[in-house]
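S.K.: What follows is a single structure, and I will ask about it in a moment.
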Amino acid sequence: MKFRRTRQFDEDFERLTSQEKQEVKVAFQNVKLALQGNVELFQKHRIKPMQGHKTIWEGHVKINLCFTFHYDKTENGEKVCFFRRVGTHDIYQRP
């Protein structure tokens, strides 16, 4: 599986504090493993389908630092995970 970031994710990331940026960088190593099948890490980051959005998922780096993502496929059928947003729970208003 490939992982990509949307432009909005990058913009959200730039607005985080330096400590939050570091927490996201460290946590996303585990998030990638979780999305590739590690059940323990999947549960740790509370990854689940986002309520009200059939194709968008959500997860948490910590209690008030969350992220959203969706899956797509490349032209040759390879699965790609697009990280959409990162930040406080305010991102849920426009996932």
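Labels used: A, B, ... for chains in the order of the structure tokens, numbers from 1 for residues in each chain, and numbers from 1 for ligands as shown.
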Determine, using only C-alpha atoms, which residues of segment 29-71 of chain A have any atom at most 12 Å from an atom of segment 1-24 of chain A, and tabulate each with its shortest atom pair and distance in Å to one decimal place, rows ordered by chain and then rising number, as a Markdown table.

M.R.:
| residue | atom | partner | partner_atom | distance |
| --- | --- | --- | --- | --- |
| A:Gln29 | CA | A:Val24 | CA | 8.8 |
| A:Asn30 | CA | A:Val24 | CA | 10.0 |
| A:Val31 | CA | A:Val24 | CA | 9.6 |
| A:Lys32 | CA | A:Phe3 | CA | 8.0 |
| A:Leu33 | CA | A:Met1 | CA | 10.4 |
| A:Ala34 | CA | A:Met1 | CA | 11.8 |
| A:Leu35 | CA | A:Met1 | CA | 8.9 |
| A:Gln36 | CA | A:Met1 | CA | 7.4 |
| A:Gly37 | CA | A:Met1 | CA | 10.9 |
| A:His45 | CA | A:Val24 | CA | 11.5 |
| A:Gly59 | CA | A:Val24 | CA | 11.6 |
| A:His60 | CA | A:Val24 | CA | 9.6 |
| A:Val61 | CA | A:Val24 | CA | 6.4 |
| A:Lys62 | CA | A:Glu23 | CA | 8.6 |
| A:Ile63 | CA | A:Glu20 | CA | 11.9 |
| A:Asn64 | CA | A:Glu20 | CA | 10.4 |
| A:Leu65 | CA | A:Glu20 | CA | 7.9 |
| A:Cys66 | CA | A:Val24 | CA | 9.2 |
| A:Phe67 | CA | A:Phe9 | CA | 8.7 |
| A:Thr68 | CA | A:Phe9 | CA | 8.9 |
| A:Phe69 | CA | A:Arg5 | CA | 8.9 |
| A:His70 | CA | A:Arg4 | CA | 10.1 |
| A:Tyr71 | CA | A:Phe3 | CA | 9.4 |

S.K.: Name the residues of chain A that fall into strand (DSSP E) according to DSSP on the backbone, using the chain letters and numbers of this document, as a PyMOL selection string.

M.R.: chain A and resi 2-5+48-49+56-62+65-73+79-87

S.K.: Quote the spacing between atom CA of Ile56 of chain A and atom CA of Pro95 of chain A in Å to one decimal place.

M.R.: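 For atom CA of Ile56 of chain A relative to atom CA of Pro95 of chain A, the distance reads 7.7 Å.
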
S.K.: Go through chain A and collect every residue that DSSP, computed from the backbone, puts in helix (DSSP H, G or I); the answer should be as a tab-separated table (two decimals) with N, CA, C and O atoms, in the first residue's frame.

M.R.:
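Output saved as selection.tsv:
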chain	number	residue	atom	x	y	z
A	7	ARG	N	-3.01	18.17	-0.13
A	7	ARG	CA	-2.52	19.54	0.11
A	7	ARG	C	-3.07	20.09	1.42
A	7	ARG	O	-2.37	20.74	2.19
A	8	GLN	N	-4.34	19.76	1.71
A	8	GLN	CA	-4.96	20.24	2.94
A	8	GLN	C	-4.27	19.64	4.17
A	8	GLN	O	-4.08	20.32	5.17
A	9	PHE	N	-3.88	18.38	4.09
A	9	PHE	CA	-3.14	17.75	5.19
A	9	PHE	C	-1.85	18.52	5.45
A	9	PHE	O	-1.53	18.84	6.59
A	10	ASP	N	-1.11	18.81	4.38
A	10	ASP	CA	0.15	19.56	4.53
A	10	ASP	C	-0.09	20.94	5.14
A	10	ASP	O	0.68	21.39	6.00
A	11	GLU	N	-1.15	21.61	4.72
A	11	GLU	CA	-1.47	22.93	5.28
A	11	GLU	C	-1.84	22.81	6.76
A	11	GLU	O	-1.41	23.63	7.58
A	12	ASP	N	-2.65	21.81	7.10
A	12	ASP	CA	-3.01	21.58	8.50
A	12	ASP	C	-1.77	21.30	9.34
A	12	ASP	O	-1.61	21.81	10.44
A	13	PHE	N	-0.89	20.47	8.80
A	13	PHE	CA	0.33	20.09	9.51
A	13	PHE	C	1.18	21.32	9.83
A	13	PHE	O	1.72	21.43	10.92
A	14	GLU	N	1.28	22.24	8.89
A	14	GLU	CA	2.08	23.45	9.10
A	14	GLU	C	1.52	24.33	10.22
A	14	GLU	O	2.26	25.08	10.85
A	15	ARG	N	0.23	24.21	10.49
A	15	ARG	CA	-0.40	25.02	11.56
A	15	ARG	C	-0.22	24.40	12.95
A	15	ARG	O	-0.53	25.04	13.95
A	18	SER	N	5.22	22.86	17.15
A	18	SER	CA	6.38	22.00	16.87
A	18	SER	C	6.28	20.68	17.63
A	18	SER	O	6.65	19.63	17.11
A	19	GLN	N	5.74	20.71	18.84
A	19	GLN	CA	5.56	19.47	19.61
A	19	GLN	C	4.55	18.56	18.93
A	19	GLN	O	4.76	17.35	18.82
A	20	GLU	N	3.43	19.12	18.47
A	20	GLU	CA	2.42	18.32	17.78
A	20	GLU	C	2.95	17.74	16.47
A	20	GLU	O	2.66	16.59	16.14
A	21	LYS	N	3.75	18.53	15.76
A	21	LYS	CA	4.35	18.03	14.52
A	21	LYS	C	5.20	16.79	14.81
A	21	LYS	O	5.15	15.80	14.08
A	22	GLN	N	6.00	16.87	15.87
A	22	GLN	CA	6.85	15.74	16.23
A	22	GLN	C	6.01	14.53	16.63
A	22	GLN	O	6.31	13.40	16.25
A	23	GLU	N	4.93	14.76	17.39
A	23	GLU	CA	4.05	13.66	17.79
A	23	GLU	C	3.41	12.99	16.58
A	23	GLU	O	3.29	11.76	16.53
A	24	VAL	N	3.01	13.78	15.59
A	24	VAL	CA	2.42	13.23	14.37
A	24	VAL	C	3.46	12.40	13.61
A	24	VAL	O	3.18	11.28	13.18
A	25	LYS	N	4.66	12.92	13.46
A	25	LYS	CA	5.71	12.20	12.74
A	25	LYS	C	5.99	10.84	13.39
A	25	LYS	O	6.10	9.83	12.69
A	26	VAL	N	6.09	10.82	14.70
A	26	VAL	CA	6.36	9.56	15.42
A	26	VAL	C	5.17	8.62	15.30
A	26	VAL	O	5.32	7.43	14.99
A	27	ALA	N	3.97	9.13	15.53
A	27	ALA	CA	2.77	8.29	15.51
A	27	ALA	C	2.48	7.72	14.13
A	27	ALA	O	2.01	6.58	14.02
A	28	PHE	N	2.77	8.48	13.08
A	28	PHE	CA	2.41	8.01	11.74
A	28	PHE	C	3.24	6.81	11.29
A	28	PHE	O	2.82	6.08	10.40
A	29	GLN	N	4.37	6.57	11.90
A	29	GLN	CA	5.09	5.33	11.61
A	29	GLN	C	4.26	4.15	12.06
A	29	GLN	O	4.15	3.13	11.37
A	30	ASN	N	3.62	4.28	13.24
A	30	ASN	CA	2.73	3.23	13.73
A	30	ASN	C	1.40	3.20	12.98
A	30	ASN	O	0.83	2.13	12.78
A	31	VAL	N	0.91	4.35	12.60
A	31	VAL	CA	-0.36	4.41	11.85
A	31	VAL	C	-0.22	3.65	10.54
A	31	VAL	O	-1.10	2.89	10.16
A	32	LYS	N	0.90	3.83	9.86
A	32	LYS	CA	1.13	3.11	8.61
A	32	LYS	C	1.11	1.60	8.85
A	32	LYS	O	0.52	0.85	8.07
A	33	LEU	N	1.74	1.16	9.93
A	33	LEU	CA	1.72	-0.27	10.27
A	33	LEU	C	0.30	-0.73	10.59
A	33	LEU	O	-0.11	-1.83	10.22
A	34	ALA	N	-0.44	0.11	11.29
A	34	ALA	CA	-1.82	-0.22	11.65
A	34	ALA	C	-2.67	-0.41	10.39
A	34	ALA	O	-3.45	-1.36	10.29
A	35	LEU	N	-2.50	0.47	9.43
A	35	LEU	CA	-3.30	0.41	8.21
A	35	LEU	C	-2.87	-0.75	7.30
A	35	LEU	O	-3.58	-1.11	6.38
A	39	VAL	N	-3.26	-5.08	14.19
A	39	VAL	CA	-4.52	-4.87	14.93
A	39	VAL	C	-4.29	-4.08	16.22
A	39	VAL	O	-5.08	-3.20	16.57
A	40	GLU	N	-3.22	-4.37	16.92
A	40	GLU	CA	-2.93	-3.68	18.18
A	40	GLU	C	-2.76	-2.17	17.95
A	40	GLU	O	-3.32	-1.36	18.69
A	41	LEU	N	-2.01	-1.79	16.94
A	41	LEU	CA	-1.81	-0.37	16.62
A	41	LEU	C	-3.09	0.25	16.06
A	41	LEU	O	-3.36	1.43	16.29
A	42	PHE	N	-3.87	-0.53	15.33
A	42	PHE	CA	-5.15	-0.07	14.80
A	42	PHE	C	-6.04	0.37	15.96
A	42	PHE	O	-6.66	1.44	15.92
A	43	GLN	N	-6.08	-0.44	17.00
A	43	GLN	CA	-6.90	-0.12	18.17
A	43	GLN	C	-6.30	1.04	18.97
A	43	GLN	O	-7.02	1.89	19.48
A	44	LYS	N	-4.97	1.06	19.08
A	44	LYS	CA	-4.30	2.13	19.84
A	44	LYS	C	-4.63	3.50	19.28
A	44	LYS	O	-4.86	4.45	20.03
A	89	HIS	N	-10.24	18.28	16.87
A	89	HIS	CA	-11.52	17.74	16.42
A	89	HIS	C	-12.25	18.69	15.47
A	89	HIS	O	-13.22	18.30	14.82
A	90	ASP	N	-11.80	19.90	15.35
A	90	ASP	CA	-12.40	20.86	14.41
A	90	ASP	C	-12.31	20.36	12.96
A	90	ASP	O	-13.13	20.74	12.12
A	91	ILE	N	-11.35	19.51	12.67
A	91	ILE	CA	-11.22	19.01	11.28
A	91	ILE	C	-12.41	18.16	10.88
A	91	ILE	O	-12.66	17.98	9.69
A	92	TYR	N	-13.16	17.65	11.86
A	92	TYR	CA	-14.32	16.81	11.54
A	92	TYR	C	-15.43	17.60	10.83
A	92	TYR	O	-16.27	17.02	10.17
A	93	GLN	N	-15.42	18.92	10.97
A	93	GLN	CA	-16.43	19.73	10.31
A	93	GLN	C	-16.23	19.74	8.80
A	93	GLN	O	-17.18	19.89	8.05

S.K.: Of the residues A:Glu58, A:Gly52, A:Asn38, A:Ile47, which is the one nearest to Phe83 of chain A, using only C-alpha atoms?

M.R.: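 Closest to Phe83 of chain A, using only C-alpha atoms: A:Glu58.
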